[in-house]
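To be precise, the following lines are upload04.txt, and they hold compact mmCIF, C-alpha atoms.
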# COMPACT_ATOMS: atom_id res chain seq x y z
CA MET A 572 -28.16 -30.94 -67.22
CA SER A 573 -26.77 -32.35 -64.01
CA LYS A 574 -25.86 -29.78 -61.39
CA LYS A 575 -23.00 -31.99 -60.24
CA LEU A 576 -19.69 -30.74 -61.58
CA ALA A 577 -18.35 -32.66 -64.55
CA VAL A 578 -14.95 -32.93 -62.86
CA ASN A 579 -16.76 -35.03 -60.22
CA GLY A 580 -18.72 -37.17 -62.68
CA GLY A 581 -21.60 -34.87 -63.63
CA ASP A 582 -22.73 -33.96 -67.13
CA LYS A 583 -20.78 -31.37 -69.09
CA ALA A 584 -22.32 -27.92 -69.34
CA VAL A 585 -21.15 -27.63 -72.98
CA GLU A 586 -20.91 -30.81 -75.03
CA ASN A 587 -19.51 -29.32 -78.23
CA PHE A 588 -17.75 -26.01 -77.77
CA LYS A 589 -17.70 -24.14 -81.09
CA SER A 590 -13.98 -23.43 -81.32
CA GLU A 591 -14.50 -21.80 -84.71
CA LEU A 592 -15.94 -18.80 -82.84
CA CYS A 593 -12.44 -18.17 -81.48
CA VAL A 594 -10.32 -18.64 -84.62
CA TRP A 595 -7.66 -15.96 -85.13
CA PRO A 596 -6.24 -14.53 -87.26
CA ILE A 597 -8.83 -14.50 -90.02
CA VAL A 598 -7.01 -15.57 -93.20
CA THR A 599 -8.70 -15.23 -96.59
CA ASP A 600 -7.80 -15.71 -100.23
CA GLU A 601 -6.81 -12.05 -100.32
CA ASP A 602 -4.05 -12.74 -97.77
CA ARG A 603 -2.90 -15.79 -99.68
CA GLU A 604 -2.82 -13.94 -103.00
CA ALA A 605 -0.78 -11.10 -101.52
CA ILE A 606 1.79 -13.53 -100.13
CA VAL A 607 1.97 -15.55 -103.35
CA GLU A 608 2.57 -12.36 -105.32
CA VAL A 609 5.65 -11.66 -103.19
CA LEU A 610 6.79 -15.23 -103.74
CA ASP A 611 6.26 -15.04 -107.50
CA ASN A 612 8.19 -11.77 -107.65
CA ARG A 613 11.03 -13.24 -105.57
CA SER A 614 10.84 -10.09 -103.43
CA MET A 615 10.76 -11.61 -99.94
CA SER A 616 13.83 -9.61 -98.92
CA GLY A 617 12.78 -6.37 -100.60
CA THR A 618 11.44 -3.28 -98.89
CA ASP A 619 8.93 -1.75 -101.31
CA ILE A 620 5.85 -3.48 -99.87
CA THR A 621 7.17 -3.12 -96.34
CA LYS A 622 7.46 0.63 -96.78
CA GLU A 623 3.88 0.79 -98.01
CA PHE A 624 2.73 -1.20 -94.97
CA GLU A 625 4.73 1.05 -92.63
CA LYS A 626 3.07 4.18 -94.03
CA GLU A 627 -0.41 2.68 -93.85
CA TYR A 628 0.03 1.45 -90.28
CA ALA A 629 1.51 4.77 -89.14
CA LEU A 630 -1.39 6.65 -90.75
CA TRP A 631 -3.91 4.38 -89.04
CA ILE A 632 -2.57 4.83 -85.52
CA GLY A 633 -1.52 8.45 -85.92
CA ALA A 634 2.27 8.10 -85.74
CA GLU A 635 4.77 10.05 -87.82
CA TYR A 636 7.02 7.07 -88.49
CA ALA A 637 6.83 3.27 -88.56
CA LEU A 638 9.60 0.79 -89.27
CA GLY A 639 9.13 -2.90 -90.01
CA TYR A 640 11.03 -5.59 -88.11
CA CYS A 641 11.68 -9.31 -88.32
CA ASN A 642 10.01 -9.70 -84.91
CA GLY A 643 8.83 -7.70 -81.94
CA THR A 644 11.83 -8.60 -79.80
CA SER A 645 14.15 -6.92 -82.31
CA ALA A 646 11.86 -3.89 -82.47
CA LEU A 647 12.06 -3.42 -78.69
CA HIS A 648 15.82 -4.00 -78.74
CA ALA A 649 16.25 -1.25 -81.32
CA ALA A 650 13.93 1.08 -79.41
CA MET A 651 16.08 0.71 -76.30
CA TRP A 652 19.28 1.49 -78.21
CA ALA A 653 17.61 4.42 -79.95
CA CYS A 654 16.78 5.84 -76.51
CA GLY A 655 20.44 5.68 -75.53
CA VAL A 656 20.35 2.56 -73.37
CA GLY A 657 23.90 1.24 -73.08
CA ALA A 658 26.49 -0.35 -70.81
CA GLY A 659 26.00 0.59 -67.18
CA ASP A 660 22.51 1.99 -67.69
CA GLU A 661 19.15 0.84 -66.33
CA ILE A 662 15.63 0.52 -67.65
CA ILE A 663 12.49 0.16 -65.55
CA CYS A 664 10.05 -2.55 -66.63
CA PRO A 665 7.07 -4.33 -65.08
CA SER A 666 7.94 -7.79 -63.83
CA MET A 667 4.65 -9.17 -65.13
CA THR A 668 5.34 -9.43 -68.85
CA TYR A 669 6.92 -11.65 -71.49
CA TRP A 670 10.73 -11.74 -71.44
CA ALA A 671 10.99 -9.91 -74.80
CA SER A 672 9.86 -6.67 -73.15
CA CYS A 673 13.20 -6.17 -71.44
CA THR A 674 15.78 -8.96 -71.80
CA ALA A 675 17.48 -7.26 -74.76
CA ALA A 676 18.66 -4.61 -72.29
CA LEU A 677 21.18 -7.15 -71.04
CA SER A 678 22.69 -7.45 -74.52
CA LEU A 679 23.27 -3.69 -74.38
CA GLY A 680 25.06 -4.04 -71.03
CA ALA A 681 22.16 -2.49 -69.12
CA ALA A 682 20.28 -3.72 -66.07
CA VAL A 683 16.53 -4.11 -65.59
CA ASN A 684 14.97 -2.59 -62.49
CA PHE A 685 11.63 -4.37 -62.22
CA ALA A 686 8.53 -2.58 -60.95
CA ASP A 687 5.31 -3.98 -59.57
CA ILE A 688 1.96 -3.89 -61.36
CA ASP A 689 -1.46 -2.49 -60.62
CA PRO A 690 -3.69 -5.43 -59.57
CA GLU A 691 -6.62 -4.21 -61.68
CA THR A 692 -4.91 -3.20 -64.95
CA LEU A 693 -1.99 -5.67 -64.64
CA CYS A 694 0.14 -2.88 -66.14
CA ILE A 695 3.11 -1.17 -64.51
CA ASP A 696 2.05 0.69 -61.36
CA PRO A 697 2.99 4.38 -61.69
CA LYS A 698 3.34 4.55 -57.90
CA ASP A 699 6.21 2.05 -58.09
CA ILE A 700 8.23 3.87 -60.75
CA GLU A 701 9.63 7.13 -59.43
CA HIS A 702 11.59 5.77 -56.48
CA ARG A 703 13.39 3.40 -58.90
CA ILE A 704 14.76 6.19 -61.09
CA GLY A 705 18.48 6.72 -60.60
CA PRO A 706 21.26 8.64 -62.37
CA LYS A 707 21.70 5.82 -64.92
CA THR A 708 18.02 5.24 -65.68
CA LYS A 709 17.44 5.79 -69.39
CA ALA A 710 13.96 4.47 -70.11
CA ILE A 711 10.68 3.19 -68.69
CA MET A 712 9.25 0.20 -70.55
CA VAL A 713 5.45 0.33 -70.46
CA VAL A 714 3.57 -2.87 -71.33
CA HIS A 715 -0.12 -2.52 -72.17
CA TYR A 716 -0.84 -5.91 -70.66
CA ALA A 717 -3.48 -8.04 -72.42
CA GLY A 718 -4.50 -4.95 -74.38
CA TYR A 719 -5.34 -2.85 -71.30
CA PRO A 720 -3.74 0.61 -71.75
CA ALA A 721 -1.40 1.57 -68.94
CA ASP A 722 -1.83 4.84 -67.03
CA MET A 723 0.09 6.91 -69.58
CA ASP A 724 -0.77 10.32 -68.10
CA ALA A 725 0.93 9.48 -64.81
CA ILE A 726 3.84 7.69 -66.47
CA MET A 727 4.59 10.48 -68.95
CA GLU A 728 4.47 13.06 -66.15
CA ILE A 729 7.04 11.12 -64.10
CA ALA A 730 9.27 10.54 -67.11
CA GLY A 731 9.12 14.20 -68.09
CA ARG A 732 10.21 15.40 -64.67
CA HIS A 733 13.20 13.06 -64.70
CA ASN A 734 14.13 13.39 -68.39
CA VAL A 735 13.65 9.66 -68.94
CA LYS A 736 12.41 8.16 -72.20
CA VAL A 737 9.19 6.12 -72.33
CA ILE A 738 9.10 3.02 -74.53
CA GLU A 739 5.71 1.43 -75.12
CA ASP A 740 5.57 -2.32 -75.60
CA ALA A 741 2.37 -2.37 -77.63
CA SER A 742 2.61 -6.06 -78.56
CA HIS A 743 -0.68 -6.78 -76.78
CA SER A 744 -2.53 -3.63 -77.69
CA HIS A 745 -2.95 -3.18 -81.44
CA GLY A 746 -5.97 -0.92 -81.75
CA SER A 747 -6.26 -0.16 -78.03
CA MET A 748 -7.19 3.45 -77.33
CA TYR A 749 -6.08 5.68 -74.46
CA LYS A 750 -8.27 8.78 -74.18
CA GLY A 751 -8.54 9.26 -77.92
CA ARG A 752 -5.02 8.16 -78.85
CA HIS A 753 -3.74 4.81 -80.02
CA THR A 754 -1.32 3.00 -77.75
CA GLY A 755 2.06 3.05 -79.44
CA THR A 756 1.83 6.81 -80.12
CA ILE A 757 1.98 8.28 -76.61
CA GLY A 758 5.49 7.48 -75.39
CA ASP A 759 8.73 8.52 -77.06
CA ILE A 760 8.83 5.33 -79.10
CA ALA A 761 7.02 1.98 -79.26
CA GLY A 762 7.93 -1.54 -80.26
CA MET A 763 5.45 -4.30 -80.94
CA SER A 764 5.18 -7.90 -82.01
CA MET A 765 2.96 -8.99 -84.88
CA MET A 766 3.60 -12.71 -84.64
CA SER A 767 0.83 -15.18 -85.39
CA GLY A 768 -0.58 -15.21 -81.85
CA LYS A 769 -1.02 -11.47 -81.50
CA ALA A 770 -4.16 -9.38 -81.99
CA PHE A 771 -2.67 -7.99 -85.21
CA ALA A 772 -1.13 -11.17 -86.59
CA ILE A 773 0.87 -11.25 -89.82
CA GLY A 774 3.56 -13.86 -89.12
CA GLU A 775 6.88 -13.54 -87.33
CA ALA A 776 7.07 -9.76 -87.59
CA GLY A 777 7.34 -6.57 -85.57
CA LEU A 778 7.14 -2.80 -85.86
CA VAL A 779 8.55 0.35 -84.28
CA THR A 780 6.45 3.52 -84.21
CA THR A 781 7.49 7.00 -83.10
CA ASN A 782 6.87 10.69 -83.66
CA ASN A 783 10.56 11.48 -83.13
CA ARG A 784 12.64 11.63 -86.32
CA GLY A 785 15.87 11.26 -84.37
CA LEU A 786 14.78 8.03 -82.72
CA TYR A 787 13.47 6.73 -86.04
CA GLU A 788 16.83 7.31 -87.73
CA ARG A 789 18.71 5.68 -84.87
CA CYS A 790 16.54 2.58 -85.29
CA ILE A 791 17.38 2.52 -89.00
CA ALA A 792 21.10 2.92 -88.31
CA PHE A 793 21.04 0.13 -85.71
CA GLY A 794 19.59 -2.65 -87.84
CA HIS A 795 18.43 -1.54 -91.30
CA TYR A 796 21.70 -1.21 -93.21
CA ALA A 797 20.01 -1.10 -96.64
CA ARG A 798 18.19 2.10 -95.68
CA THR A 799 21.29 3.98 -94.53
CA GLY A 800 22.67 4.41 -98.06
CA ALA A 801 26.32 3.84 -98.90
CA PRO A 802 29.24 5.97 -97.64
CA SER A 803 29.79 7.49 -101.09
CA ASN A 804 26.15 7.97 -102.00
CA PHE A 805 23.95 9.54 -99.33
CA ASN A 806 21.41 10.51 -101.98
CA ALA A 807 20.59 6.91 -102.77
CA VAL A 808 16.89 6.33 -103.26
CA ASP A 809 16.71 4.04 -100.23
CA ALA A 810 18.70 6.27 -97.87
CA GLN A 811 16.57 7.45 -94.96
CA VAL A 812 19.26 8.62 -92.53
CA THR A 813 19.90 12.38 -92.54
CA ASN A 814 21.80 12.74 -89.24
CA PRO A 815 25.48 13.35 -90.14
CA GLU A 816 26.64 11.48 -87.04
CA LEU A 817 24.82 8.40 -88.31
CA GLN A 818 25.51 8.95 -92.02
CA LYS A 819 29.22 8.35 -91.60
CA PHE A 820 28.48 4.74 -90.64
CA ALA A 821 26.23 4.13 -93.65
CA GLY A 822 26.32 0.70 -95.19
CA ILE A 823 26.86 -1.29 -91.97
CA PRO A 824 24.30 -1.44 -89.14
CA LEU A 825 25.63 -0.03 -85.89
CA GLY A 826 24.23 -2.94 -83.94
CA GLY A 827 25.43 -5.55 -86.41
CA TYR A 828 21.83 -6.72 -86.77
CA LYS A 829 19.63 -7.31 -89.80
CA HIS A 830 16.15 -6.28 -88.69
CA ARG A 831 14.39 -6.28 -92.05
CA MET A 832 10.81 -7.57 -92.20
CA ASN A 833 10.09 -10.44 -94.59
CA GLN A 834 7.76 -9.02 -97.23
CA TRP A 835 5.41 -11.98 -96.94
CA CYS A 836 4.51 -10.47 -93.56
CA ALA A 837 4.27 -6.94 -94.96
CA ALA A 838 1.98 -8.10 -97.76
CA MET A 839 -0.29 -9.86 -95.29
CA GLY A 840 -0.12 -6.82 -93.02
CA LYS A 841 -1.49 -4.57 -95.75
CA VAL A 842 -4.45 -6.90 -96.22
CA GLN A 843 -5.09 -7.42 -92.51
CA LEU A 844 -5.00 -3.68 -91.84
CA LYS A 845 -7.79 -3.07 -94.35
CA TYR A 846 -10.19 -5.15 -92.26
CA TYR A 847 -8.72 -4.85 -88.78
CA PRO A 848 -10.88 -1.98 -87.44
CA GLU A 849 -14.05 -3.79 -88.49
CA ARG A 850 -12.84 -7.10 -87.11
CA ILE A 851 -11.83 -5.75 -83.73
CA ALA A 852 -15.20 -4.02 -83.46
CA GLY A 853 -16.76 -7.47 -83.81
CA ILE A 854 -14.42 -8.93 -81.22
CA ASP A 855 -15.23 -6.10 -78.84
CA LYS A 856 -18.96 -6.72 -79.22
CA ALA A 857 -18.56 -10.43 -78.47
CA MET A 858 -16.11 -9.98 -75.60
CA THR A 859 -18.08 -7.18 -74.00
CA TYR A 860 -21.17 -9.38 -73.89
CA PHE A 861 -19.15 -12.34 -72.56
CA CYS A 862 -17.49 -10.21 -69.89
CA ASP A 863 -20.80 -8.70 -68.80
CA LEU A 864 -22.03 -12.24 -68.11
CA LEU A 865 -18.86 -13.25 -66.24
CA ASP A 866 -18.89 -10.10 -64.12
CA ALA A 867 -22.28 -11.13 -62.76
CA ILE A 868 -20.73 -14.29 -61.26
CA PRO A 869 -19.31 -14.13 -57.71
CA GLY A 870 -15.54 -14.47 -57.49
CA LEU A 871 -14.98 -13.29 -61.07
CA LYS A 872 -14.09 -9.83 -62.37
CA THR A 873 -13.02 -9.44 -65.95
CA HIS A 874 -9.88 -7.54 -66.92
CA ARG A 875 -11.11 -4.59 -68.96
CA PRO A 876 -11.26 -0.80 -68.68
CA PRO A 877 -14.29 0.72 -66.96
CA LYS A 878 -17.05 1.86 -69.27
CA GLY A 879 -16.76 5.54 -70.07
CA SER A 880 -13.05 5.67 -69.20
CA GLY A 881 -11.91 6.45 -72.74
CA LEU A 882 -9.82 3.29 -72.74
CA THR A 883 -10.38 0.27 -75.00
CA LYS A 884 -8.74 -3.13 -75.45
CA GLY A 885 -8.33 -3.10 -79.22
CA GLY A 886 -8.06 -6.68 -80.47
CA TRP A 887 -8.47 -8.22 -76.97
CA TYR A 888 -5.18 -10.10 -77.05
CA HIS A 889 -5.01 -12.86 -74.41
CA PRO A 890 -8.24 -12.05 -72.49
CA VAL A 891 -7.88 -12.36 -68.73
CA CYS A 892 -10.30 -12.60 -65.83
CA HIS A 893 -9.48 -11.74 -62.23
CA TYR A 894 -10.20 -14.52 -59.74
CA ILE A 895 -11.15 -13.59 -56.17
CA PRO A 896 -10.61 -16.76 -54.10
CA GLU A 897 -11.83 -15.22 -50.84
CA GLU A 898 -15.29 -14.87 -52.42
CA VAL A 899 -15.43 -18.55 -53.41
CA LYS A 900 -14.34 -20.48 -50.32
CA ASN A 901 -10.65 -19.92 -51.12
CA VAL A 902 -10.65 -22.62 -53.79
CA PRO A 903 -7.35 -22.27 -55.71
CA VAL A 904 -7.57 -20.92 -59.24
CA GLU A 905 -5.99 -24.11 -60.58
CA ALA A 906 -8.83 -26.22 -59.18
CA PHE A 907 -11.41 -23.77 -60.52
CA CYS A 908 -9.93 -23.84 -64.03
CA LYS A 909 -9.68 -27.63 -64.00
CA ALA A 910 -13.40 -27.80 -63.18
CA VAL A 911 -14.30 -25.30 -65.93
CA ASN A 912 -12.30 -27.27 -68.49
CA ALA A 913 -14.13 -30.42 -67.47
CA GLU A 914 -17.41 -28.63 -68.28
CA GLY A 915 -16.33 -28.50 -71.93
CA VAL A 916 -14.99 -24.96 -72.24
CA THR A 917 -11.52 -23.51 -71.92
CA CYS A 918 -9.64 -21.46 -69.39
CA SER A 919 -6.12 -21.57 -68.06
CA ALA A 920 -4.88 -20.70 -64.58
CA GLY A 921 -2.32 -17.96 -64.13
CA ILE A 922 -0.64 -15.42 -66.38
CA ASN A 923 3.04 -14.64 -66.99
CA THR A 924 5.65 -15.69 -64.45
CA PRO A 925 7.29 -12.70 -62.71
CA LEU A 926 10.59 -11.93 -64.41
CA HIS A 927 12.34 -10.42 -61.40
CA LEU A 928 12.74 -13.90 -59.91
CA HIS A 929 14.28 -15.49 -63.01
CA LYS A 930 17.95 -16.45 -62.78
CA VAL A 931 18.75 -14.72 -66.08
CA PHE A 932 18.37 -11.42 -64.18
CA HIS A 933 20.35 -12.65 -61.18
CA GLU A 934 23.14 -14.90 -62.40
CA ALA A 935 23.59 -14.85 -66.19
CA ASP A 936 27.07 -13.73 -67.29
CA ILE A 937 26.35 -12.97 -70.93
CA PHE A 938 29.69 -11.30 -71.71
CA ASN A 939 31.90 -13.80 -69.78
CA MET A 940 33.06 -11.06 -67.43
CA GLY A 941 33.10 -13.24 -64.33
CA GLN A 942 30.00 -11.68 -62.79
CA PRO A 943 26.29 -11.34 -63.60
CA THR A 944 25.59 -8.97 -66.48
CA MET A 945 23.09 -7.11 -64.30
CA ILE A 946 26.07 -5.65 -62.39
CA SER A 947 28.95 -6.14 -64.86
CA PHE A 948 29.21 -2.54 -66.06
CA GLY A 949 29.21 -0.72 -62.75
CA GLN A 950 25.48 -0.45 -62.25
CA ARG A 951 24.01 -0.35 -58.81
CA ASP A 952 22.59 -3.74 -57.91
CA VAL A 953 18.85 -3.62 -58.61
CA ARG A 954 18.24 -7.37 -58.43
CA GLN A 955 15.20 -8.35 -56.38
CA GLY A 956 14.21 -11.57 -54.68
CA SER A 957 11.01 -13.20 -53.51
CA GLY A 958 8.60 -10.93 -51.68
CA THR A 959 9.80 -7.68 -53.23
CA LEU A 960 7.01 -7.31 -55.81
CA PRO A 961 3.97 -8.81 -54.08
CA VAL A 962 1.30 -8.00 -56.66
CA SER A 963 3.31 -9.54 -59.49
CA GLU A 964 4.15 -12.58 -57.39
CA GLU A 965 0.51 -13.17 -56.46
CA ALA A 966 -0.93 -12.44 -59.90
CA SER A 967 -0.98 -16.01 -61.18
CA ALA A 968 -3.04 -17.09 -58.18
CA ARG A 969 -5.58 -14.36 -58.87
CA ASN A 970 -5.96 -14.43 -62.65
CA PHE A 971 -6.82 -16.84 -65.44
CA SER A 972 -7.24 -16.68 -69.21
CA ILE A 973 -10.63 -16.93 -70.89
CA PRO A 974 -11.67 -17.67 -74.49
CA LYS A 975 -11.34 -14.89 -77.03
CA PHE A 976 -14.53 -14.78 -79.08
CA THR A 977 -13.76 -13.38 -82.51
CA THR A 978 -17.35 -13.91 -83.68
CA PHE A 979 -20.49 -12.81 -81.87
CA ASP A 980 -22.85 -15.72 -81.24
CA LYS A 981 -25.17 -14.79 -78.37
CA ALA A 982 -26.42 -18.29 -77.61
CA GLU A 983 -22.97 -19.91 -77.61
CA ILE A 984 -21.44 -17.16 -75.51
CA GLU A 985 -24.23 -17.61 -72.97
CA LYS A 986 -23.57 -21.36 -72.86
CA VAL A 987 -19.89 -20.80 -72.13
CA ALA A 988 -20.64 -18.23 -69.44
CA ALA A 989 -23.15 -20.66 -67.90
CA ALA A 990 -20.37 -23.26 -67.58
CA TYR A 991 -18.33 -20.82 -65.50
CA LYS A 992 -21.37 -20.03 -63.40
CA LYS A 993 -22.08 -23.71 -62.85
CA VAL A 994 -18.64 -24.20 -61.34
CA ILE A 995 -18.98 -21.17 -59.07
CA ASP A 996 -22.49 -22.19 -58.01
CA ASN A 997 -21.10 -25.58 -56.99
CA ILE A 998 -17.71 -24.43 -55.77
CA GLY A 999 -18.25 -26.28 -52.50
CA GLU A 1000 -17.56 -29.53 -54.36
CA LEU A 1001 -13.98 -28.35 -54.87
CA VAL A 1002 -13.22 -27.47 -51.26

Show me this structure written as structure tokens.
Amino acid sequence: MSKKLAVNGGDKAVENFKSELCVWPIVTDEDREAIVEVLDNRSMSGTDITKEFEKEYALWIGAEYALGYCNGTSALHAAMWACGVGAGDEIICPSMTYWASCTAALSLGAAVNFADIDPETLCIDPKDIEHRIGPKTKAIMVVHYAGYPADMDAIMEIAGRHNVKVIEDASHSHGSMYKGRHTGTIGDIAGMSMMSGKAFAIGEAGLVTTNNRGLYERCIAFGHYARTGAPSNFNAVDAQVTNPELQKFAGIPLGGYKHRMNQWCAAMGKVQLKYYPERIAGIDKAMTYFCDLLDAIPGLKTHRPPKGSGLTKGGWYHPVCHYIPEEVKNVPVEAFCKAVNAEGVTCSAGINTPLHLHKVFHEADIFNMGQPTMISFGQRDVRQGSGTLPVSEEASARNFSIPKFTTFDKAEIEKVAAAYKKVIDNIGELV
């Protein structure tokens, strides 16, 4: 193999990358049969299978309650409302995340006070939370970024002292463990996506989990009208709301939303959950070996918890590697990734774009009130411009995505790692 980089005319390090080693989710005849059964029964809009899935998922992660949703965005929206987020309030959220983690706060009339991230975990930095808490702060949104559990001990301690709710966005972290507990069971409530790109993928679906019966019932009342019963029949079989203050609104969702999960997704979820622990163990074996090889290469440091920390990455959603340009002649990450791709394997420069700079959180007037929604209901102005969250703003220059191996193949993983090493060994060609 030529040592000259392929991007400069040399031979590729990997001629035929086995993409089948990275296929996800794993779909079998058992999944198909479960979905077809729902179709044959015309029960797509029912709740019987969804309730079974909710119970099984809650049992698996150790939560008291789980509630199925049409998507993860709706689950997080409901979690915010359940925690009392309303007009004039604030939530705290890391800037480095997908927009669904926090944008629904605007539809509740609340503002988002963005916090910076820890450069190693890429999760919200506990040191940047407390000074943001004000009299109208209702919740801290914690995103377990790329499956890496956030520092929940520190976050829960801060929230407890200030009587602020903690919402976990566990969309990236199905199966991730934090010191013996599943993510999604540590905060007051959690919302998560289960769309087809996630680590636990069952279609366009979501879930709320909580150990708090009050929050659970508020989520039902907000968007699950069929489970509230009818005003004249609180003993209906499907009625799950016992709070008298919520019962009086039975029959119509308080948010005006229909959050019900399509039972195709629930049926697939039941099948996927049967095999998920075994499958993520296989992913962890493959990714641990791959990351061990990458960590031996100068300029690269994989994004994963330290060994022996009691933290795991579950299904390894969206694997990331830190890039240290000062160790590799300050070659930009974009040039590095372009060279790796030319070698016949995949990687992509950058991660999410910081949300605190987006105009939606500076200028959008969602309610036509003549001023940005972020300040429309008397909130203090928590909008932030360029330079205010330096770690988040620099993150895309110092991180890139790597392949997610769902199957362990030692020889192929070594070939892919060798392609990364080839580029670093010849990084001078990119200067």

Show me a table, sorted first by chain and then by increasing residue number, of the residues of stretch 793-890 of chain A having an atom at most 8 Å from stretch 637-641 of chain A, each with its shortest atom pair and the distance in Å to one decimal, counting all atoms listed in the file and written as JSON lines.
{"residue": "A:His830", "atom": "CA", "partner": "A:Tyr640", "partner_atom": "CA", "distance": 5.2}
{"residue": "A:Arg831", "atom": "CA", "partner": "A:Tyr640", "partner_atom": "CA", "distance": 5.2}
{"residue": "A:Met832", "atom": "CA", "partner": "A:Cys641", "partner_atom": "CA", "distance": 4.3}
{"residue": "A:Asn833", "atom": "CA", "partner": "A:Cys641", "partner_atom": "CA", "distance": 6.6}

With C-alpha atoms retained, export the selected residues as a compact mmCIF listing (two decimals), keeping the file's coordinate frame.
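selection24.txt written:
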# COMPACT_ATOMS: atom_id res chain seq x y z
CA HIS A 830 16.15 -6.28 -88.69
CA ARG A 831 14.39 -6.28 -92.05
CA MET A 832 10.81 -7.57 -92.20
CA ASN A 833 10.09 -10.44 -94.59

Which polymer residues have any atom within 8 Å of an atom of A:Val904, counting all atoms listed in the file, with same-chain residues fewer than 4 positions away left out, as a list in words?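 In the requested format, the answer is Tyr894, Pro896, Cys908, Ala920, Gly921, Ala968, Arg969, Asn970 and Phe971 of chain A.
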
Show which residues sit within 10 Å of A:Tyr716, as a list in words. Count only C-alpha atoms, and ignore same-chain residues fewer than 4 positions away. Pro665, Met667, Thr668, Tyr669, Ile688, Thr692, Leu693, Cys694, Ile695, Pro720, Ala721, Asp740, Ala741, Ser742, His743, Ser744, His874, Lys884, Tyr888, His889, Pro890 and Val891 of chain A

Here is a test: counting only C-alpha atoms, which residue of A:Cys836, A:Glu775, A:Ala584, A:Leu825 is nearest to A:Val609?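 Comparing A:Cys836, A:Glu775, A:Ala584, A:Leu825 against A:Val609, the winner is A:Cys836.
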
Near A:Pro925, counting all atoms listed in the file, which residues have an atom at most 12 Å away, once you skip same-chain residues fewer than 6 positions from it, shown as a list of chain:residue names?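 Within the cut-off, the hits are A:Cys664, A:Pro665, A:Ser666, A:Met667, A:Thr668, A:Tyr669, A:Trp670, A:Phe685, A:Ala686, A:Asp687, A:Ile688, A:Leu693, A:Phe932, A:Gln955, A:Gly956, A:Ser957, A:Gly958, A:Thr959, A:Leu960, A:Pro961, A:Val962, A:Ser963, A:Glu964, A:Glu965, A:Ala966, A:Ser967.
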
What separation in Å, quoted to one decimal, exists between atom CA of A:Met839 and atom CA of A:Ile632?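 It comes out at 17.8 Å.
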
From the list A:Ala646, A:Ile704, A:Ala935, A:Ala906, which residue is nearest A:Asn684 when using only C-alpha atoms?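 The answer is A:Ile704, which sits nearest to A:Asn684.
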
Residues within 7 Å of stretch 591-608 of chain A, please, as a compact mmCIF listing (two decimals) with C-alpha atoms, in the frame of the given file. Count all atoms listed in the file; anything in the same chain fewer than 3 positions from it doesn't count.
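Produced file around39.txt, reproduced below:
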# COMPACT_ATOMS: atom_id res chain seq x y z
CA ASP A 611 6.26 -15.04 -107.50
CA ASN A 612 8.19 -11.77 -107.65
CA ALA A 772 -1.13 -11.17 -86.59
CA TRP A 835 5.41 -11.98 -96.94
CA ALA A 838 1.98 -8.10 -97.76
CA MET A 839 -0.29 -9.86 -95.29
CA VAL A 842 -4.45 -6.90 -96.22
CA LYS A 975 -11.34 -14.89 -77.03
CA PHE A 976 -14.53 -14.78 -79.08
CA THR A 977 -13.76 -13.38 -82.51
CA THR A 978 -17.35 -13.91 -83.68

Pairwise distance, atom CA of A:Ile973 with atom CA of A:Cys918, equals 4.9 Å

With stretch 979-1001 of chain A as the partner and 12 Å as the cut-off, tabulate the residues of stretch 869-894 of chain A that qualify, each row holding the nearest pair of atoms and their distance in Å to one decimal, using all atoms listed in the file, sorted by chain and rising number, as a tab-separated table.
residue	atom	partner	partner_atom	distance
A:Pro869	CA	A:Ile995	CA	7.2
A:Gly870	CA	A:Ile995	CA	7.7
A:Leu871	CA	A:Ile995	CA	9.1
A:Cys892	CA	A:Tyr991	CA	11.5
A:Tyr894	CA	A:Ile995	CA	11.0

Straight-line distance linking atom CA of A:Ile854 with atom CA of A:Lys626, stated in Å to one decimal: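 About the pair atom CA of A:Ile854 and atom CA of A:Lys626: they are 25.3 Å apart.
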
Under the rule that only C-alpha atoms are counted, which of A:Glu728, A:Ala717, A:Val911, A:Gly885 is the nearest residue to A:Glu849?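 Closest to A:Glu849, using only C-alpha atoms: A:Gly885.
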
Which residue is closest to A:Leu677? Choose from A:Ala634, A:Gly655, A:His648, A:Phe861 and count all atoms listed in the file. A:His648

Tell me which protein, DNA and RNA residues are within 8 Å of A:Met765, counting all atoms listed in the file, leaving out same-chain ones fewer than 4 positions away, and put them as a PyMOL selection string. chain A and resi 642-643+742+769-778

For A:Gly886, which residue out of A:Met748, A:Ile757, A:Ala577, A:Ala810 is the nearest one, using only C-alpha atoms?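 Going through A:Met748, A:Ile757, A:Ala577, A:Ala810 one by one, the smallest distance to A:Gly886 is for A:Met748.
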
Measuring atom to atom with all atoms listed in the file, identify which of A:Leu865, A:Val1002, A:Ala649, A:Val713 is nearest to A:Pro903.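 Smallest separation from A:Pro903 among the options: A:Val1002.
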